[in-house]
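Dumped input_27.txt below, it's compact mmCIF, N, CA and C atoms:
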```txt
# COMPACT_ATOMS: atom_id res chain seq x y z
N MET K 1 89.74 175.06 152.58
CA MET K 1 88.46 174.94 153.26
C MET K 1 88.53 173.76 154.23
N THR K 2 88.06 174.00 155.42
CA THR K 2 88.08 172.94 156.41
C THR K 2 86.87 172.03 156.25
N ASP K 3 87.04 170.79 156.69
CA ASP K 3 85.95 169.82 156.58
C ASP K 3 84.94 169.97 157.71
N PHE K 4 85.38 170.51 158.84
CA PHE K 4 84.51 170.64 159.99
C PHE K 4 84.39 172.12 160.35
N ALA K 5 83.20 172.56 160.65
CA ALA K 5 82.93 173.98 160.86
C ALA K 5 83.73 174.58 162.01
N ASP K 6 83.83 173.87 163.13
CA ASP K 6 84.50 174.42 164.30
C ASP K 6 85.98 174.03 164.39
N ASP K 7 86.49 173.27 163.44
CA ASP K 7 87.86 172.79 163.50
C ASP K 7 88.68 173.42 162.38
N PRO K 8 89.61 174.32 162.72
CA PRO K 8 90.40 174.97 161.67
C PRO K 8 91.56 174.12 161.14
N SER K 9 91.77 172.92 161.69
CA SER K 9 92.90 172.09 161.27
C SER K 9 92.61 171.40 159.93
N SER K 10 93.68 171.06 159.25
CA SER K 10 93.54 170.39 157.96
C SER K 10 93.35 168.89 158.16
N GLU K 11 93.04 168.22 157.07
CA GLU K 11 92.84 166.77 157.12
C GLU K 11 94.14 166.07 157.52
N LEU K 12 95.26 166.53 157.00
CA LEU K 12 96.54 165.93 157.34
C LEU K 12 96.87 166.13 158.81
N GLU K 13 96.56 167.27 159.36
CA GLU K 13 96.79 167.49 160.80
C GLU K 13 95.95 166.55 161.64
N ARG K 14 94.71 166.32 161.24
CA ARG K 14 93.86 165.38 161.98
C ARG K 14 94.38 163.96 161.86
N LYS K 15 94.85 163.57 160.67
CA LYS K 15 95.42 162.23 160.49
C LYS K 15 96.68 162.05 161.32
N ALA K 16 97.54 163.07 161.35
CA ALA K 16 98.77 162.99 162.13
C ALA K 16 98.48 162.91 163.62
N LYS K 17 97.47 163.63 164.07
CA LYS K 17 97.09 163.58 165.48
C LYS K 17 96.56 162.19 165.84
N ALA K 18 95.77 161.61 164.95
CA ALA K 18 95.26 160.25 165.19
C ALA K 18 96.41 159.24 165.20
N LEU K 19 97.36 159.40 164.29
CA LEU K 19 98.52 158.50 164.26
C LEU K 19 99.35 158.63 165.52
N ALA K 20 99.50 159.83 166.04
CA ALA K 20 100.25 160.02 167.28
C ALA K 20 99.58 159.27 168.43
N TRP K 21 98.26 159.33 168.50
CA TRP K 21 97.54 158.60 169.55
C TRP K 21 97.66 157.09 169.37
N VAL K 22 97.53 156.63 168.14
CA VAL K 22 97.65 155.19 167.88
C VAL K 22 99.07 154.72 168.21
N SER K 23 100.06 155.56 167.98
CA SER K 23 101.44 155.21 168.33
C SER K 23 101.58 154.96 169.83
N LEU K 24 101.00 155.84 170.62
CA LEU K 24 101.07 155.65 172.07
C LEU K 24 100.29 154.42 172.52
N ILE K 25 99.13 154.21 171.93
CA ILE K 25 98.31 153.04 172.29
C ILE K 25 99.02 151.76 171.89
N GLU K 26 99.71 151.76 170.74
CA GLU K 26 100.44 150.58 170.30
C GLU K 26 101.56 150.24 171.29
N THR K 27 102.27 151.24 171.75
CA THR K 27 103.34 151.02 172.72
C THR K 27 102.78 150.52 174.05
N PHE K 28 101.69 151.11 174.49
CA PHE K 28 101.07 150.67 175.75
C PHE K 28 100.57 149.23 175.64
N SER K 29 99.95 148.89 174.52
CA SER K 29 99.43 147.53 174.38
C SER K 29 100.57 146.51 174.33
N TYR K 30 101.69 146.88 173.74
CA TYR K 30 102.85 145.99 173.73
C TYR K 30 103.39 145.80 175.14
N SER K 31 103.45 146.89 175.91
CA SER K 31 103.91 146.79 177.30
C SER K 31 102.99 145.90 178.12
N LEU K 32 101.69 146.02 177.90
CA LEU K 32 100.73 145.18 178.59
C LEU K 32 100.88 143.72 178.17
N LEU K 33 101.15 143.49 176.91
CA LEU K 33 101.37 142.13 176.42
C LEU K 33 102.61 141.51 177.07
N VAL K 34 103.69 142.26 177.15
CA VAL K 34 104.91 141.76 177.80
C VAL K 34 104.65 141.47 179.26
N TYR K 35 103.86 142.31 179.92
CA TYR K 35 103.52 142.06 181.32
C TYR K 35 102.75 140.74 181.46
N CYS K 36 101.74 140.56 180.63
CA CYS K 36 100.93 139.32 180.72
C CYS K 36 101.76 138.09 180.38
N TRP K 37 102.68 138.22 179.46
CA TRP K 37 103.47 137.09 178.99
C TRP K 37 104.59 136.72 179.95
N LEU K 38 105.38 137.72 180.39
CA LEU K 38 106.57 137.43 181.18
C LEU K 38 106.37 137.55 182.68
N ILE K 39 105.63 138.53 183.13
CA ILE K 39 105.53 138.77 184.57
C ILE K 39 104.35 138.01 185.17
N ALA K 40 103.15 138.21 184.63
CA ALA K 40 101.98 137.52 185.17
C ALA K 40 101.93 136.07 184.69
N GLN K 41 102.54 135.77 183.59
CA GLN K 41 102.55 134.44 182.98
C GLN K 41 101.15 133.84 182.87
N SER K 42 100.27 134.66 182.34
CA SER K 42 98.88 134.28 182.15
C SER K 42 98.65 133.93 180.68
N ASP K 43 98.31 132.67 180.43
CA ASP K 43 98.05 132.26 179.05
C ASP K 43 96.83 132.98 178.48
N LEU K 44 95.76 133.05 179.27
CA LEU K 44 94.55 133.72 178.80
C LEU K 44 94.82 135.19 178.55
N GLY K 45 95.49 135.84 179.48
CA GLY K 45 95.81 137.27 179.33
C GLY K 45 96.69 137.51 178.13
N THR K 46 97.67 136.63 177.93
CA THR K 46 98.57 136.78 176.79
C THR K 46 97.82 136.64 175.48
N LYS K 47 96.92 135.67 175.40
CA LYS K 47 96.15 135.48 174.17
C LYS K 47 95.20 136.65 173.91
N LEU K 48 94.54 137.10 174.95
CA LEU K 48 93.58 138.20 174.80
C LEU K 48 94.29 139.50 174.45
N VAL K 49 95.29 139.85 175.25
CA VAL K 49 96.01 141.10 174.99
C VAL K 49 96.80 141.00 173.69
N GLY K 50 97.31 139.82 173.37
CA GLY K 50 98.06 139.63 172.14
C GLY K 50 97.22 139.86 170.90
N SER K 51 95.98 139.38 170.93
CA SER K 51 95.11 139.60 169.77
C SER K 51 94.74 141.07 169.63
N ILE K 52 94.51 141.74 170.75
CA ILE K 52 94.18 143.17 170.70
C ILE K 52 95.40 143.97 170.23
N HIS K 53 96.57 143.62 170.76
CA HIS K 53 97.79 144.30 170.33
C HIS K 53 98.04 144.08 168.83
N GLY K 54 97.77 142.90 168.34
CA GLY K 54 97.96 142.61 166.92
C GLY K 54 97.10 143.50 166.05
N MET K 55 95.86 143.69 166.45
CA MET K 55 94.97 144.57 165.67
C MET K 55 95.45 146.02 165.71
N ILE K 56 95.91 146.45 166.88
CA ILE K 56 96.41 147.82 167.01
C ILE K 56 97.69 148.00 166.19
N ALA K 57 98.56 147.00 166.20
CA ALA K 57 99.80 147.07 165.42
C ALA K 57 99.51 147.13 163.92
N LEU K 58 98.52 146.37 163.47
CA LEU K 58 98.13 146.43 162.06
C LEU K 58 97.55 147.80 161.70
N ALA K 59 96.76 148.36 162.59
CA ALA K 59 96.21 149.69 162.35
C ALA K 59 97.33 150.73 162.30
N PHE K 60 98.30 150.61 163.20
CA PHE K 60 99.45 151.51 163.20
C PHE K 60 100.21 151.41 161.88
N ALA K 61 100.48 150.19 161.44
CA ALA K 61 101.22 149.99 160.19
C ALA K 61 100.46 150.58 159.00
N ALA K 62 99.17 150.35 158.94
CA ALA K 62 98.36 150.89 157.84
C ALA K 62 98.35 152.41 157.86
N MET K 63 98.23 152.99 159.05
CA MET K 63 98.22 154.45 159.14
C MET K 63 99.56 155.05 158.72
N VAL K 64 100.65 154.40 159.11
CA VAL K 64 101.98 154.89 158.72
C VAL K 64 102.13 154.84 157.20
N ILE K 65 101.73 153.73 156.60
CA ILE K 65 101.85 153.59 155.15
C ILE K 65 101.00 154.64 154.43
N MET K 66 99.81 154.90 154.94
CA MET K 66 98.92 155.85 154.26
C MET K 66 99.36 157.30 154.41
N ILE K 67 100.03 157.64 155.52
CA ILE K 67 100.38 159.04 155.76
C ILE K 67 101.79 159.39 155.29
N THR K 68 102.59 158.38 154.93
CA THR K 68 103.99 158.60 154.57
C THR K 68 104.18 159.62 153.44
N PRO K 69 103.49 159.52 152.30
CA PRO K 69 103.73 160.52 151.24
C PRO K 69 103.34 161.94 151.65
N ALA K 70 102.23 162.08 152.34
CA ALA K 70 101.77 163.42 152.72
C ALA K 70 102.68 164.07 153.76
N MET K 71 103.28 163.26 154.64
CA MET K 71 104.19 163.79 155.65
C MET K 71 105.60 163.96 155.12
N ARG K 72 105.82 163.54 153.88
CA ARG K 72 107.14 163.62 153.23
C ARG K 72 108.19 162.81 153.98
N TRP K 73 107.78 161.65 154.49
CA TRP K 73 108.72 160.73 155.12
C TRP K 73 109.27 159.80 154.06
N SER K 74 110.46 159.31 154.27
CA SER K 74 111.01 158.33 153.33
C SER K 74 110.38 156.97 153.61
N TRP K 75 110.35 156.14 152.58
CA TRP K 75 109.79 154.80 152.76
C TRP K 75 110.68 153.97 153.67
N TRP K 76 111.98 154.26 153.69
CA TRP K 76 112.88 153.54 154.61
C TRP K 76 112.52 153.83 156.06
N PHE K 77 112.19 155.08 156.35
CA PHE K 77 111.75 155.43 157.70
C PHE K 77 110.48 154.68 158.06
N SER K 78 109.54 154.64 157.15
CA SER K 78 108.26 153.97 157.43
C SER K 78 108.45 152.48 157.67
N VAL K 79 109.27 151.84 156.85
CA VAL K 79 109.54 150.41 157.04
C VAL K 79 110.23 150.18 158.38
N LEU K 80 111.18 151.04 158.71
CA LEU K 80 111.92 150.89 159.97
C LEU K 80 111.01 151.01 161.18
N VAL K 81 110.10 152.00 161.19
CA VAL K 81 109.23 152.16 162.36
C VAL K 81 108.20 151.04 162.45
N ILE K 82 107.79 150.49 161.33
CA ILE K 82 106.85 149.37 161.37
C ILE K 82 107.54 148.11 161.89
N VAL K 83 108.75 147.86 161.43
CA VAL K 83 109.49 146.66 161.84
C VAL K 83 109.89 146.73 163.31
N THR K 84 110.25 147.89 163.80
CA THR K 84 110.70 148.00 165.19
C THR K 84 109.57 148.07 166.20
N GLY K 85 108.34 148.08 165.75
CA GLY K 85 107.19 147.97 166.65
C GLY K 85 107.01 149.12 167.60
N PRO K 86 106.97 148.84 168.91
CA PRO K 86 106.67 149.90 169.88
C PRO K 86 107.73 150.99 169.94
N ILE K 87 108.98 150.65 169.69
CA ILE K 87 110.01 151.68 169.67
C ILE K 87 109.82 152.57 168.45
N GLY K 88 109.50 151.97 167.33
CA GLY K 88 109.18 152.75 166.13
C GLY K 88 107.96 153.62 166.34
N ALA K 89 106.99 153.12 167.08
CA ALA K 89 105.79 153.91 167.36
C ALA K 89 106.14 155.14 168.18
N LEU K 90 107.05 154.99 169.14
CA LEU K 90 107.48 156.15 169.92
C LEU K 90 108.27 157.13 169.05
N VAL K 91 109.04 156.62 168.10
CA VAL K 91 109.77 157.49 167.18
C VAL K 91 108.78 158.28 166.32
N VAL K 92 107.73 157.63 165.85
CA VAL K 92 106.70 158.33 165.06
C VAL K 92 106.03 159.40 165.91
N PHE K 93 105.67 159.06 167.14
CA PHE K 93 105.05 160.04 168.03
C PHE K 93 105.96 161.25 168.23
N ALA K 94 107.24 160.98 168.50
CA ALA K 94 108.19 162.08 168.73
C ALA K 94 108.38 162.92 167.47
N ARG K 95 108.43 162.28 166.31
CA ARG K 95 108.64 163.02 165.06
C ARG K 95 107.44 163.90 164.73
N ILE K 96 106.25 163.38 164.93
CA ILE K 96 105.05 164.20 164.69
C ILE K 96 105.02 165.37 165.65
N ARG K 97 105.36 165.10 166.88
CA ARG K 97 105.34 166.16 167.89
C ARG K 97 106.43 167.21 167.62
N ARG K 98 107.60 166.76 167.18
CA ARG K 98 108.72 167.66 166.95
C ARG K 98 108.57 168.45 165.65
N GLU K 99 108.25 167.76 164.55
CA GLU K 99 108.23 168.41 163.24
C GLU K 99 106.86 168.92 162.83
N GLY K 100 105.81 168.32 163.36
CA GLY K 100 104.48 168.72 162.96
C GLY K 100 104.14 168.25 161.55
N VAL K 101 103.20 168.92 160.95
CA VAL K 101 102.72 168.57 159.61
C VAL K 101 103.34 169.54 158.61
N PRO K 102 103.87 169.03 157.49
CA PRO K 102 104.45 169.94 156.49
C PRO K 102 103.37 170.83 155.88
N THR K 103 103.78 172.02 155.54
CA THR K 103 102.83 172.94 154.91
C THR K 103 102.62 172.54 153.47
N VAL K 104 101.41 172.74 153.00
CA VAL K 104 101.05 172.37 151.63
C VAL K 104 101.24 173.60 150.76
N GLU K 105 102.06 173.43 149.75
CA GLU K 105 102.28 174.52 148.81
C GLU K 105 101.41 174.29 147.59
N ARG K 106 100.50 175.19 147.36
CA ARG K 106 99.56 175.04 146.24
C ARG K 106 99.92 176.04 145.15
N SER K 107 99.79 175.60 143.95
CA SER K 107 99.94 176.49 142.81
C SER K 107 98.59 176.58 142.11
N ASP K 108 97.82 177.56 142.53
CA ASP K 108 96.47 177.73 141.94
C ASP K 108 96.58 178.35 140.56
N ALA K 109 95.96 177.70 139.61
CA ALA K 109 95.94 178.21 138.24
C ALA K 109 94.82 179.22 138.05
N ARG K 110 93.96 179.36 139.05
CA ARG K 110 92.80 180.25 138.94
C ARG K 110 93.18 181.72 139.14
N THR K 111 94.30 182.01 139.73
CA THR K 111 94.64 183.39 140.04
C THR K 111 95.16 184.16 138.88
```

Can you give me the file's structure in the form of C-alpha cells?
Amino acid sequence: MTDFADDPSSELERKAKALAWVSLIETFSYSLLVYCWLIAQSDLGTKLVGSIHGMIALAFAAMVIMITPAMRWSWWFSVLVIVTGPIGALVVFARIRREGVPTVERSDART
C-alpha cells in the first residue's frame, strides 16, 4: 500500500530519490565552498558557505546511514562514501541511478 494517493512509489524509492538529490546538493555546496575559499578568497563567503555545506554534509551522512540496510549496501561502502565527501556523494548518486532500489521480497503468512 502506498503512503500517498497519487504516488505509486514505495517509501524506499522516495528516500533514495531524496538521497540522490542531497548527494548532488552536497557536491555543489562543496564546489561553492572551494570557490569561496581558494578562488574568491572571501573570508565571509567561506564561513557562510562552509557552515551551510557542513549542515548539508551531516544530512547526507545521516541519510546514507539510515538507508544503508534497506538498500543492501555494505557498511564499508557507506563509510567510504561519507569519508570521501563530494566524490562519495557522486558515487551514491550514480549507484542509485544505476542500480535503483532493491525489490522487497515478502513472505506473507496470511496466504

Handout entry: Test item: residues at most 8 Å from Gly100 (chain K), only N, CA and C atoms, excluding those fewer than 4 positions along its chain, as an MDAnalysis selection string
Key = chainID K and resid 13 16 71 94:96

Exercise for the section: Based on DSSP run over this structure's backbone, return all residues of chain K in helix (DSSP H, G or I), as a PyMOL selection string. Expected result: chain K and resi 11-39+43-71+75-83+86-99

Handout entry: Residue nearest Tyr35 (chain K) - candidates K:Val64, K:Arg72, K:Lys15, K:Val49, atoms counted: only C-alpha atoms
Key =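 Using only C-alpha atoms, the shortest distance to Tyr35 (chain K) belongs to K:Val49.
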
Exercise for the section: Measure the distance from CA of Arg97 (chain K) to CA of Ala20 (chain K) in Å and round it to one decimal. Expected result: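 Taking CA of Arg97 (chain K) as the start and CA of Ala20 (chain K) as the end point, the length is 8.0 Å.
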
Problem - Nearest-residue call for Met63 (chain K), choices K:Val91, K:Leu12, K:Leu19, K:Val79, using only C-alpha atoms - result: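 So, comparing all the options, the nearest one is K:Leu19.
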
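If only C-alpha atoms are the atoms counted, then among K:Ala18, K:Leu90, K:Leu33, K:Leu24 the closest residue to His53 (chain K) is K:Leu33.
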
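Shortest separation to Ala89 (chain K) among K:Val101, K:Ile39, K:Val22, K:Pro69 occurs at residue K:Val22, atoms counted being all atoms listed in the file.
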
Practice task
Write out as a PyMOL selection string each polymer residue whose atoms come within 10 Å of Trp37 (chain K), counting only C-alpha atoms; drop sequence neighbours fewer than 6 positions from it.
Solution key: chain K and resi 31+43-47+49-50

Any chance you could export region 37-68 of chain K with N, CA and C atoms, as a PDB file, in the first residue's frame?
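Writing done, so here's result.pdb:
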```pdb
ATOM      1  N   TRP K  37      36.731  29.780  -0.974  1.00  0.00           N
ATOM      2  CA  TRP K  37      37.955  29.653  -0.194  1.00  0.00           C
ATOM      3  C   TRP K  37      39.207  29.920  -1.025  1.00  0.00           C
ATOM      4  N   LEU K  38      39.305  29.292  -2.202  1.00  0.00           N
ATOM      5  CA  LEU K  38      40.534  29.365  -2.985  1.00  0.00           C
ATOM      6  C   LEU K  38      40.527  30.422  -4.078  1.00  0.00           C
ATOM      7  N   ILE K  39      39.424  30.592  -4.763  1.00  0.00           N
ATOM      8  CA  ILE K  39      39.404  31.494  -5.907  1.00  0.00           C
ATOM      9  C   ILE K  39      39.009  32.908  -5.490  1.00  0.00           C
ATOM     10  N   ALA K  40      37.858  33.049  -4.838  1.00  0.00           N
ATOM     11  CA  ALA K  40      37.411  34.381  -4.419  1.00  0.00           C
ATOM     12  C   ALA K  40      38.155  34.847  -3.175  1.00  0.00           C
ATOM     13  N   GLN K  41      38.662  33.945  -2.392  1.00  0.00           N
ATOM     14  CA  GLN K  41      39.365  34.221  -1.140  1.00  0.00           C
ATOM     15  C   GLN K  41      38.588  35.178  -0.241  1.00  0.00           C
ATOM     16  N   SER K  42      37.333  34.835  -0.078  1.00  0.00           N
ATOM     17  CA  SER K  42      36.431  35.627   0.745  1.00  0.00           C
ATOM     18  C   SER K  42      36.236  34.932   2.089  1.00  0.00           C
ATOM     19  N   ASP K  43      36.671  35.602   3.156  1.00  0.00           N
ATOM     20  CA  ASP K  43      36.504  35.011   4.486  1.00  0.00           C
ATOM     21  C   ASP K  43      35.034  34.870   4.853  1.00  0.00           C
ATOM     22  N   LEU K  44      34.260  35.918   4.589  1.00  0.00           N
ATOM     23  CA  LEU K  44      32.832  35.867   4.908  1.00  0.00           C
ATOM     24  C   LEU K  44      32.137  34.791   4.092  1.00  0.00           C
ATOM     25  N   GLY K  45      32.427  34.732   2.804  1.00  0.00           N
ATOM     26  CA  GLY K  45      31.816  33.716   1.941  1.00  0.00           C
ATOM     27  C   GLY K  45      32.201  32.317   2.369  1.00  0.00           C
ATOM     28  N   THR K  46      33.470  32.144   2.732  1.00  0.00           N
ATOM     29  CA  THR K  46      33.932  30.832   3.172  1.00  0.00           C
ATOM     30  C   THR K  46      33.229  30.402   4.449  1.00  0.00           C
ATOM     31  N   LYS K  47      33.072  31.322   5.393  1.00  0.00           N
ATOM     32  CA  LYS K  47      32.399  30.977   6.644  1.00  0.00           C
ATOM     33  C   LYS K  47      30.916  30.678   6.420  1.00  0.00           C
ATOM     34  N   LEU K  48      30.272  31.484   5.609  1.00  0.00           N
ATOM     35  CA  LEU K  48      28.845  31.300   5.349  1.00  0.00           C
ATOM     36  C   LEU K  48      28.591  30.011   4.579  1.00  0.00           C
ATOM     37  N   VAL K  49      29.288  29.854   3.464  1.00  0.00           N
ATOM     38  CA  VAL K  49      29.085  28.654   2.649  1.00  0.00           C
ATOM     39  C   VAL K  49      29.587  27.418   3.392  1.00  0.00           C
ATOM     40  N   GLY K  50      30.646  27.565   4.179  1.00  0.00           N
ATOM     41  CA  GLY K  50      31.174  26.439   4.941  1.00  0.00           C
ATOM     42  C   GLY K  50      30.189  25.912   5.963  1.00  0.00           C
ATOM     43  N   SER K  51      29.494  26.821   6.634  1.00  0.00           N
ATOM     44  CA  SER K  51      28.505  26.361   7.617  1.00  0.00           C
ATOM     45  C   SER K  51      27.320  25.690   6.936  1.00  0.00           C
ATOM     46  N   ILE K  52      26.906  26.207   5.799  1.00  0.00           N
ATOM     47  CA  ILE K  52      25.797  25.597   5.058  1.00  0.00           C
ATOM     48  C   ILE K  52      26.226  24.230   4.521  1.00  0.00           C
ATOM     49  N   HIS K  53      27.433  24.171   3.971  1.00  0.00           N
ATOM     50  CA  HIS K  53      27.943  22.896   3.465  1.00  0.00           C
ATOM     51  C   HIS K  53      28.060  21.869   4.598  1.00  0.00           C
ATOM     52  N   GLY K  54      28.471  22.297   5.765  1.00  0.00           N
ATOM     53  CA  GLY K  54      28.581  21.387   6.901  1.00  0.00           C
ATOM     54  C   GLY K  54      27.248  20.768   7.269  1.00  0.00           C
ATOM     55  N   MET K  55      26.206  21.577   7.263  1.00  0.00           N
ATOM     56  CA  MET K  55      24.874  21.041   7.571  1.00  0.00           C
ATOM     57  C   MET K  55      24.408  20.063   6.496  1.00  0.00           C
ATOM     58  N   ILE K  56      24.689  20.394   5.239  1.00  0.00           N
ATOM     59  CA  ILE K  56      24.295  19.504   4.147  1.00  0.00           C
ATOM     60  C   ILE K  56      25.085  18.198   4.218  1.00  0.00           C
ATOM     61  N   ALA K  57      26.370  18.284   4.541  1.00  0.00           N
ATOM     62  CA  ALA K  57      27.202  17.078   4.653  1.00  0.00           C
ATOM     63  C   ALA K  57      26.718  16.185   5.790  1.00  0.00           C
ATOM     64  N   LEU K  58      26.312  16.780   6.897  1.00  0.00           N
ATOM     65  CA  LEU K  58      25.766  15.989   8.007  1.00  0.00           C
ATOM     66  C   LEU K  58      24.446  15.327   7.613  1.00  0.00           C
ATOM     67  N   ALA K  59      23.616  16.044   6.883  1.00  0.00           N
ATOM     68  CA  ALA K  59      22.355  15.463   6.418  1.00  0.00           C
ATOM     69  C   ALA K  59      22.635  14.306   5.460  1.00  0.00           C
ATOM     70  N   PHE K  60      23.602  14.483   4.570  1.00  0.00           N
ATOM     71  CA  PHE K  60      23.986  13.417   3.645  1.00  0.00           C
ATOM     72  C   PHE K  60      24.458  12.183   4.407  1.00  0.00           C
ATOM     73  N   ALA K  61      25.328  12.388   5.385  1.00  0.00           N
ATOM     74  CA  ALA K  61      25.854  11.268   6.171  1.00  0.00           C
ATOM     75  C   ALA K  61      24.731  10.541   6.909  1.00  0.00           C
ATOM     76  N   ALA K  62      23.829  11.284   7.513  1.00  0.00           N
ATOM     77  CA  ALA K  62      22.715  10.670   8.236  1.00  0.00           C
ATOM     78  C   ALA K  62      21.806   9.888   7.291  1.00  0.00           C
ATOM     79  N   MET K  63      21.545  10.447   6.120  1.00  0.00           N
ATOM     80  CA  MET K  63      20.684   9.754   5.163  1.00  0.00           C
ATOM     81  C   MET K  63      21.336   8.468   4.664  1.00  0.00           C
ATOM     82  N   VAL K  64      22.648   8.511   4.425  1.00  0.00           N
ATOM     83  CA  VAL K  64      23.351   7.306   3.974  1.00  0.00           C
ATOM     84  C   VAL K  64      23.287   6.226   5.050  1.00  0.00           C
ATOM     85  N   ILE K  65      23.531   6.606   6.293  1.00  0.00           N
ATOM     86  CA  ILE K  65      23.499   5.632   7.387  1.00  0.00           C
ATOM     87  C   ILE K  65      22.104   5.032   7.537  1.00  0.00           C
ATOM     88  N   MET K  66      21.075   5.847   7.398  1.00  0.00           N
ATOM     89  CA  MET K  66      19.713   5.345   7.596  1.00  0.00           C
ATOM     90  C   MET K  66      19.231   4.455   6.448  1.00  0.00           C
ATOM     91  N   ILE K  67      19.722   4.688   5.232  1.00  0.00           N
ATOM     92  CA  ILE K  67      19.207   3.937   4.084  1.00  0.00           C
ATOM     93  C   ILE K  67      20.058   2.706   3.750  1.00  0.00           C
ATOM     94  N   THR K  68      21.235   2.590   4.365  1.00  0.00           N
ATOM     95  CA  THR K  68      22.165   1.505   4.039  1.00  0.00           C
ATOM     96  C   THR K  68      21.553   0.108   4.160  1.00  0.00           C
TER      97      THR K  68
END
```
